[in-house]
>>> print(open('input_38.tsv').read())   # TSV, C-alpha atoms
chain	number	residue	atom	x	y	z
A	1	MET	CA	167.02	117.29	123.17
A	2	SER	CA	170.45	117.28	121.60
A	3	THR	CA	171.24	115.10	118.60
A	4	LEU	CA	173.17	111.92	119.45
A	5	VAL	CA	173.29	110.23	116.03
A	6	SER	CA	173.68	112.33	112.88
A	7	ILE	CA	173.69	110.65	109.45
A	8	ARG	CA	174.20	112.52	106.19
A	9	ASN	CA	174.02	111.23	102.60
A	10	LEU	CA	174.61	107.65	103.75
A	11	HIS	CA	175.27	105.04	101.08
A	12	LYS	CA	175.97	101.34	101.40
A	13	THR	CA	176.70	99.07	98.46
A	14	TYR	CA	177.67	95.41	98.30
A	15	ARG	CA	179.24	93.35	95.56
A	16	ARG	CA	177.29	90.23	94.60
A	17	GLY	CA	179.34	88.53	91.93
A	18	PRO	CA	179.58	90.94	89.00
A	19	GLU	CA	176.62	92.93	90.33
A	20	THR	CA	176.68	95.98	92.65
A	21	VAL	CA	173.74	96.10	95.07
A	22	ASP	CA	172.91	99.56	96.41
A	23	VAL	CA	171.25	98.99	99.81
A	24	LEU	CA	171.06	102.54	101.21
A	25	HIS	CA	170.59	105.54	98.94
A	26	GLY	CA	171.83	108.85	100.33
A	27	LEU	CA	170.00	108.52	103.63
A	28	ASP	CA	169.75	111.42	106.13
A	29	LEU	CA	168.74	110.82	109.75
A	30	ASP	CA	169.02	112.44	113.18
A	31	ILE	CA	168.38	110.54	116.42
A	32	ALA	CA	168.06	112.59	119.59
A	33	GLN	CA	169.76	111.84	122.88
A	34	GLY	CA	167.31	109.77	124.95
A	35	ASP	CA	165.20	108.67	121.97
A	36	PHE	CA	163.79	105.17	121.43
A	37	VAL	CA	163.55	104.49	117.69
A	38	ALA	CA	162.03	101.41	116.04
A	39	LEU	CA	163.28	100.59	112.53
A	40	MET	CA	160.80	98.65	110.41
A	41	GLY	CA	160.58	97.55	106.80
A	42	PRO	CA	160.30	94.49	104.58
A	43	SER	CA	163.12	91.99	104.20
A	44	GLY	CA	165.90	93.53	102.14
A	45	SER	CA	164.86	97.11	102.90
A	46	GLY	CA	168.20	97.93	104.55
A	47	LYS	CA	167.10	98.17	108.20
A	48	THR	CA	169.70	95.75	109.61
A	49	THR	CA	172.36	97.34	107.41
A	50	LEU	CA	171.46	100.75	108.84
A	51	LEU	CA	171.51	99.35	112.40
A	52	ASN	CA	174.95	97.82	111.86
A	53	LEU	CA	176.30	101.10	110.48
A	54	ILE	CA	174.98	103.09	113.46
A	55	GLY	CA	176.50	100.54	115.84
A	56	GLY	CA	179.87	100.54	114.11
A	57	LEU	CA	179.65	96.89	113.04
A	58	ASP	CA	180.02	97.94	109.41
A	59	SER	CA	181.39	100.92	107.49
A	60	PRO	CA	179.49	102.97	104.89
A	61	SER	CA	180.35	103.16	101.21
A	62	GLY	CA	179.74	106.91	101.33
A	63	GLY	CA	178.39	109.66	103.56
A	64	GLU	CA	178.91	110.59	107.20
A	65	ILE	CA	177.91	109.03	110.54
A	66	SER	CA	178.49	110.94	113.77
A	67	VAL	CA	177.66	109.58	117.23
A	68	ASP	CA	177.94	111.97	120.16
A	69	ASN	CA	179.80	114.41	117.90
A	70	GLN	CA	182.38	111.83	116.81
A	71	ARG	CA	182.71	110.81	113.16
A	72	ILE	CA	182.76	107.01	113.18
A	73	ASP	CA	182.81	106.58	109.39
A	74	THR	CA	186.45	107.73	109.33
A	75	LEU	CA	187.70	105.28	112.00
A	76	THR	CA	189.93	102.33	111.20
A	77	SER	CA	188.68	98.84	112.06
A	78	GLY	CA	190.79	98.84	115.22
A	79	GLN	CA	189.56	102.26	116.28
A	80	LEU	CA	185.99	101.22	115.51
A	81	SER	CA	186.33	98.13	117.70
A	82	GLN	CA	187.55	100.27	120.59
A	83	TRP	CA	184.76	102.80	119.99
A	84	ARG	CA	182.11	100.04	120.09
A	85	SER	CA	183.40	98.67	123.38
A	86	ASN	CA	183.24	102.15	124.93
A	87	HIS	CA	179.97	103.42	123.50
A	88	VAL	CA	177.60	100.70	122.25
A	89	GLY	CA	175.63	97.91	123.91
A	90	PHE	CA	174.25	95.21	121.59
A	91	VAL	CA	171.15	93.05	122.06
A	92	PHE	CA	170.56	90.31	119.46
A	93	GLN	CA	167.63	88.02	118.67
A	94	PHE	CA	169.35	84.84	119.86
A	95	TYR	CA	170.99	86.30	123.01
A	96	ASN	CA	174.59	85.23	122.10
A	97	LEU	CA	175.35	84.14	125.67
A	98	MET	CA	178.32	81.90	126.51
A	99	PRO	CA	176.70	78.58	127.50
A	100	THR	CA	179.45	77.53	129.93
A	101	LEU	CA	179.38	80.79	131.90
A	102	THR	CA	176.94	81.86	134.58
A	103	ALA	CA	174.64	84.81	134.00
A	104	GLN	CA	176.90	87.02	136.10
A	105	LYS	CA	180.04	85.99	134.19
A	106	ASN	CA	178.24	86.61	130.88
A	107	VAL	CA	177.32	90.11	132.04
A	108	GLU	CA	180.91	90.75	133.13
A	109	LEU	CA	182.35	89.96	129.68
A	110	PRO	CA	182.38	93.55	128.29
A	111	LEU	CA	184.13	94.71	131.46
A	112	LEU	CA	187.13	92.45	130.79
A	113	LEU	CA	188.24	95.09	128.28
A	114	THR	CA	188.37	97.72	131.05
A	115	ARG	CA	190.79	98.33	133.91
A	116	LEU	CA	188.20	97.55	136.58
A	117	SER	CA	189.19	95.15	139.34
A	118	SER	CA	187.60	91.72	139.58
A	119	ALA	CA	185.57	92.88	142.58
A	120	GLN	CA	184.30	95.98	140.73
A	121	ARG	CA	183.39	93.94	137.64
A	122	LYS	CA	181.39	91.58	139.85
A	123	ARG	CA	179.65	94.49	141.56
A	124	ASN	CA	178.76	96.19	138.27
A	125	ALA	CA	177.38	92.91	136.90
A	126	GLU	CA	175.26	92.46	140.03
A	127	ILE	CA	173.85	95.98	139.62
A	128	ALA	CA	173.01	95.33	135.95
A	129	LEU	CA	171.32	92.01	136.77
A	130	GLU	CA	169.31	93.66	139.51
A	131	LEU	CA	168.22	96.38	137.08
A	132	VAL	CA	166.80	93.76	134.69
A	133	GLY	CA	165.11	91.83	137.50
A	134	LEU	CA	167.50	88.87	137.71
A	135	LYS	CA	169.38	89.58	140.91
A	136	ASP	CA	168.70	86.03	142.12
A	137	ARG	CA	169.77	84.32	138.87
A	138	GLY	CA	173.41	85.39	138.68
A	139	GLY	CA	174.70	81.88	139.36
A	140	HIS	CA	172.56	80.19	136.69
A	141	ARG	CA	173.87	79.17	133.29
A	142	PRO	CA	171.87	80.01	130.13
A	143	SER	CA	170.48	76.45	129.86
A	144	GLU	CA	168.90	76.93	133.29
A	145	LEU	CA	167.06	80.08	132.22
A	146	SER	CA	163.98	80.70	130.08
A	147	GLY	CA	164.28	82.54	126.75
A	148	GLY	CA	162.98	85.72	128.33
A	149	GLN	CA	165.46	85.45	131.20
A	150	GLN	CA	168.32	84.83	128.76
A	151	GLN	CA	167.39	87.98	126.88
A	152	ARG	CA	167.34	89.90	130.17
A	153	VAL	CA	170.87	88.66	130.84
A	154	ALA	CA	171.83	89.83	127.34
A	155	ILE	CA	170.37	93.26	128.08
A	156	ALA	CA	172.24	93.41	131.40
A	157	ARG	CA	175.43	92.60	129.47
A	158	ALA	CA	174.62	95.38	126.99
A	159	ILE	CA	174.14	98.03	129.69
A	160	VAL	CA	176.82	96.98	132.20
A	161	SER	CA	179.41	99.37	130.75
A	162	ASP	CA	176.87	102.27	130.65
A	163	PRO	CA	176.96	102.67	126.86
A	164	THR	CA	176.00	105.79	124.97
A	165	LEU	CA	173.72	103.80	122.66
A	166	LEU	CA	171.76	100.53	122.81
A	167	ILE	CA	171.49	98.68	119.48
A	168	CYS	CA	168.78	95.99	119.42
A	169	ASP	CA	168.31	93.64	116.45
A	170	GLU	CA	164.93	91.85	116.67
A	171	PRO	CA	165.29	91.52	120.47
A	172	THR	CA	161.91	89.77	120.83
A	173	GLY	CA	162.01	87.73	117.61
A	174	ASP	CA	162.63	84.43	119.43
A	175	LEU	CA	160.22	84.99	122.32
A	176	ASP	CA	156.55	84.26	123.02
A	177	ARG	CA	154.23	87.25	123.33
A	178	ALA	CA	154.29	87.48	127.14
A	179	SER	CA	158.09	87.27	127.31
A	180	ALA	CA	158.36	89.74	124.41
A	181	GLU	CA	156.21	92.28	126.24
A	182	ASP	CA	158.35	91.87	129.37
A	183	ILE	CA	161.51	92.58	127.35
A	184	LEU	CA	159.94	95.55	125.56
A	185	GLY	CA	158.75	96.94	128.88
A	186	LEU	CA	162.30	96.62	130.21
A	187	LEU	CA	163.73	98.46	127.19
A	188	GLN	CA	161.10	101.16	127.61
A	189	MET	CA	162.03	101.50	131.29
A	190	LEU	CA	165.73	101.83	130.42
A	191	ASN	CA	164.79	104.55	127.94
A	192	ARG	CA	162.35	106.50	130.11
A	193	GLU	CA	163.87	106.13	133.57
A	194	HIS	CA	167.57	105.80	132.76
A	195	GLY	CA	167.76	107.93	129.62
A	196	LYS	CA	169.18	105.21	127.38
A	197	THR	CA	169.09	105.97	123.66
A	198	ILE	CA	167.81	102.87	121.86
A	199	VAL	CA	167.67	101.95	118.17
A	200	MET	CA	165.72	98.73	117.59
A	201	VAL	CA	165.04	96.76	114.42
A	202	THR	CA	161.75	94.87	114.62
A	203	HIS	CA	159.24	93.27	112.26
A	204	ASP	CA	156.51	93.43	114.93
A	205	PRO	CA	154.18	96.48	114.92
A	206	LYS	CA	153.26	95.78	118.56
A	207	ALA	CA	156.93	95.94	119.52
A	208	ALA	CA	157.32	99.23	117.65
A	209	GLU	CA	154.54	100.73	119.79
A	210	TYR	CA	156.90	100.72	122.77
A	211	ALA	CA	159.28	103.06	120.95
A	212	THR	CA	159.04	106.84	120.86
A	213	HIS	CA	158.55	106.72	117.11
A	214	THR	CA	159.01	104.41	114.16
A	215	LEU	CA	161.11	104.79	111.03
A	216	HIS	CA	160.17	102.76	107.98
A	217	LEU	CA	162.73	101.76	105.41
A	218	ASP	CA	161.66	100.77	101.91
A	219	LYS	CA	164.29	99.85	99.30
A	220	GLY	CA	166.94	101.85	101.11
A	221	ASN	CA	164.83	104.98	101.54
A	222	LEU	CA	163.56	106.31	104.86
A	223	VAL	CA	160.02	107.31	105.76
A	224	GLU	CA	159.46	108.67	109.27
A	225	GLN	CA	156.20	107.90	111.03
A	226	ALA	CA	154.34	109.98	113.59
A	227	ALA	CA	155.49	109.73	117.20
A	228	HIS	CA	153.66	107.17	119.32
A	229	ALA	CA	151.44	108.09	122.23
A	230	ASP	CA	152.57	106.73	125.59
A	231	TYR	CA	152.18	102.98	125.67
A	232	ALA	CA	149.87	101.88	128.44
>>> encode(input="input_38.tsv", output="structure tokens")
Amino acid sequence: MSTLVSIRNLHKTYRRGPETVDVLHGLDLDIAQGDFVALMGPSGSGKTTLLNLIGGLDSPSGGEISVDNQRIDTLTSGQLSQWRSNHVGFVFQFYNLMPTLTAQKNVELPLLLTRLSSAQRKRNAEIALELVGLKDRGGHRPSELSGGQQQRVAIARAIVSDPTLLICDEPTGDLDRASAEDILGLLQMLNREHGKTIVMVTHDPKAAEYATHTLHLDKGNLVEQAAHADYA
């Protein structure tokens, strides 16, 4: 498989008062097209920082990040915003749905930045909701849905524009075990059957088992684990 994400000598530092905190230390990483990677590590290890850098939510202090052969570390904030809307779908722990909008309207939101007609936006949202098993819930608002259903809506929103990359930050962290397994099974299906490349931060070893392989971060350094066997 071809490389989708290429990271070389990646550094990220933050200022905390008079102190400089070095979060990532010259990290190198390749993620293949169609891979499903779980990022794990203790609190403060740099996993969310790495996820945000890959997704273009933050910029590195040094080094290079290429996604689909495009250097994103050299983009301006405006260019990076446009790049994210074209190439990245985000799934967060707490869903980030608009409470006053229906599920369908929430899924349509990323498409408002495109030139699609209202009818085509509606159709694409319906397709995305059907893909995540919520075809019959398009008219429901978030408060009328369970946590697992809300996360499915969030995933539909993330995939509606057919992104190059899915970025998932603790996508099951607010769910019970049964709902979490449903969501992880959905992500695995999107990876295996639809070829979506997924990078997921998780603290849950059981969640990581759904991924192709796991990367462990410890104090800003990367340790790659063996690939997982197929999850039953």
>>> closest_residue(input="input_38.tsv", among="A:Thr3, A:Gln82, A:Thr212, A:Ser179", to="A:Ser66", atoms="all atoms listed in the file")
A:Thr3
>>> atom_distance(input="input_38.tsv", atom1="atom CA of A:Leu222", atom2="atom CA of A:Tyr210")
19.9 Å
>>> closest_residue(input="input_38.tsv", among="A:Arg157, A:Arg141, A:Arg121, A:Lys206", to="A:Phe90", atoms="all atoms listed in the file")
A:Arg157
>>> residues_around(input="input_38.tsv", residues="stretch 132-138 of chain A", least_positions_apart="4", cutoff="10 Å", atoms="all atoms listed in the file", output="PyMOL selection string")
chain A and resi 102-107+125-128+142+144-145+149-156+159+183+186-187+189-190
>>> atom_distance(input="input_38.tsv", atom1="atom CA of A:Gly185", atom2="atom CA of A:Leu53")
25.8 Å
>>> closest_residue(input="input_38.tsv", among="A:Ile54, A:Ala180, A:Val223, A:Val21", to="A:Arg71", atoms="all atoms listed in the file")
A:Ile54
>>> atom_distance(input="input_38.tsv", atom1="atom CA of A:Val91", atom2="atom CA of A:Pro171")
6.3 Å
>>> closest_residue(input="input_38.tsv", among="A:Phe92, A:Val160, A:Thr100, A:Asn221", to="A:Lys122", atoms="all atoms listed in the file")
A:Val160
>>> closest_residue(input="input_38.tsv", among="A:Leu215, A:Ser161, A:Pro205, A:Leu4", to="A:Gln70", atoms="all atoms listed in the file")
A:Leu4
>>> residues_around(input="input_38.tsv", residues="A:Ser2", least_positions_apart="4", cutoff="10 Å", atoms="all atoms listed in the file", output="list in words")
Asp30, Ile31, Ala32, Gln33, Gly34 and Asp68 of chain A
>>> residues_around(input="input_38.tsv", residues="A:Asn191", least_positions_apart="5", cutoff="8 Å", atoms="all atoms listed in the file", output="PyMOL selection string")
chain A and resi 34-36+196-198
>>> residues_near_point(input="input_38.tsv", point="(160.3, 94.6, 117.8)", cutoff="9 Å", atoms="only C-alpha atoms", output="number ranges by chain")
A: 38-40, 168-173, 180, 184, 200-210
>>> residues_around(input="input_38.tsv", residues="A:Lys219", least_positions_apart="5", cutoff="10 Å", atoms="all atoms listed in the file", output="PyMOL selection string")
chain A and resi 22-25+41-47
>>> residues_around(input="input_38.tsv", residues="A:Ser77", least_positions_apart="2", cutoff="10 Å", atoms="only C-alpha atoms", output="PDB file with C-alpha atoms, keeping the file's coordinate frame")
ATOM      1  CA  GLY A  56     179.870 100.540 114.110  1.00  0.00           C
ATOM      2  CA  LEU A  57     179.650  96.890 113.040  1.00  0.00           C
ATOM      3  CA  ASP A  58     180.020  97.940 109.410  1.00  0.00           C
ATOM      4  CA  SER A  59     181.390 100.920 107.490  1.00  0.00           C
ATOM      5  CA  THR A  74     186.450 107.730 109.330  1.00  0.00           C
ATOM      6  CA  LEU A  75     187.700 105.280 112.000  1.00  0.00           C
ATOM      7  CA  GLN A  79     189.560 102.260 116.280  1.00  0.00           C
ATOM      8  CA  LEU A  80     185.990 101.220 115.510  1.00  0.00           C
ATOM      9  CA  SER A  81     186.330  98.130 117.700  1.00  0.00           C
ATOM     10  CA  GLN A  82     187.550 100.270 120.590  1.00  0.00           C
ATOM     11  CA  TRP A  83     184.760 102.800 119.990  1.00  0.00           C
TER      12      TRP A  83
END
>>> closest_residue(input="input_38.tsv", among="A:Arg115, A:Arg84, A:Arg123, A:His140", to="A:Met98", atoms="all atoms listed in the file")
A:His140
>>> axis_aligned_box(input="input_38.tsv", around="stretch 138-148 of chain A", padding_each_side="5 Å", output="JSON")
{"center_x": 168.8, "center_y": 81.1, "center_z": 133.1, "size_x": 21.7, "size_y": 19.3, "size_z": 22.6}
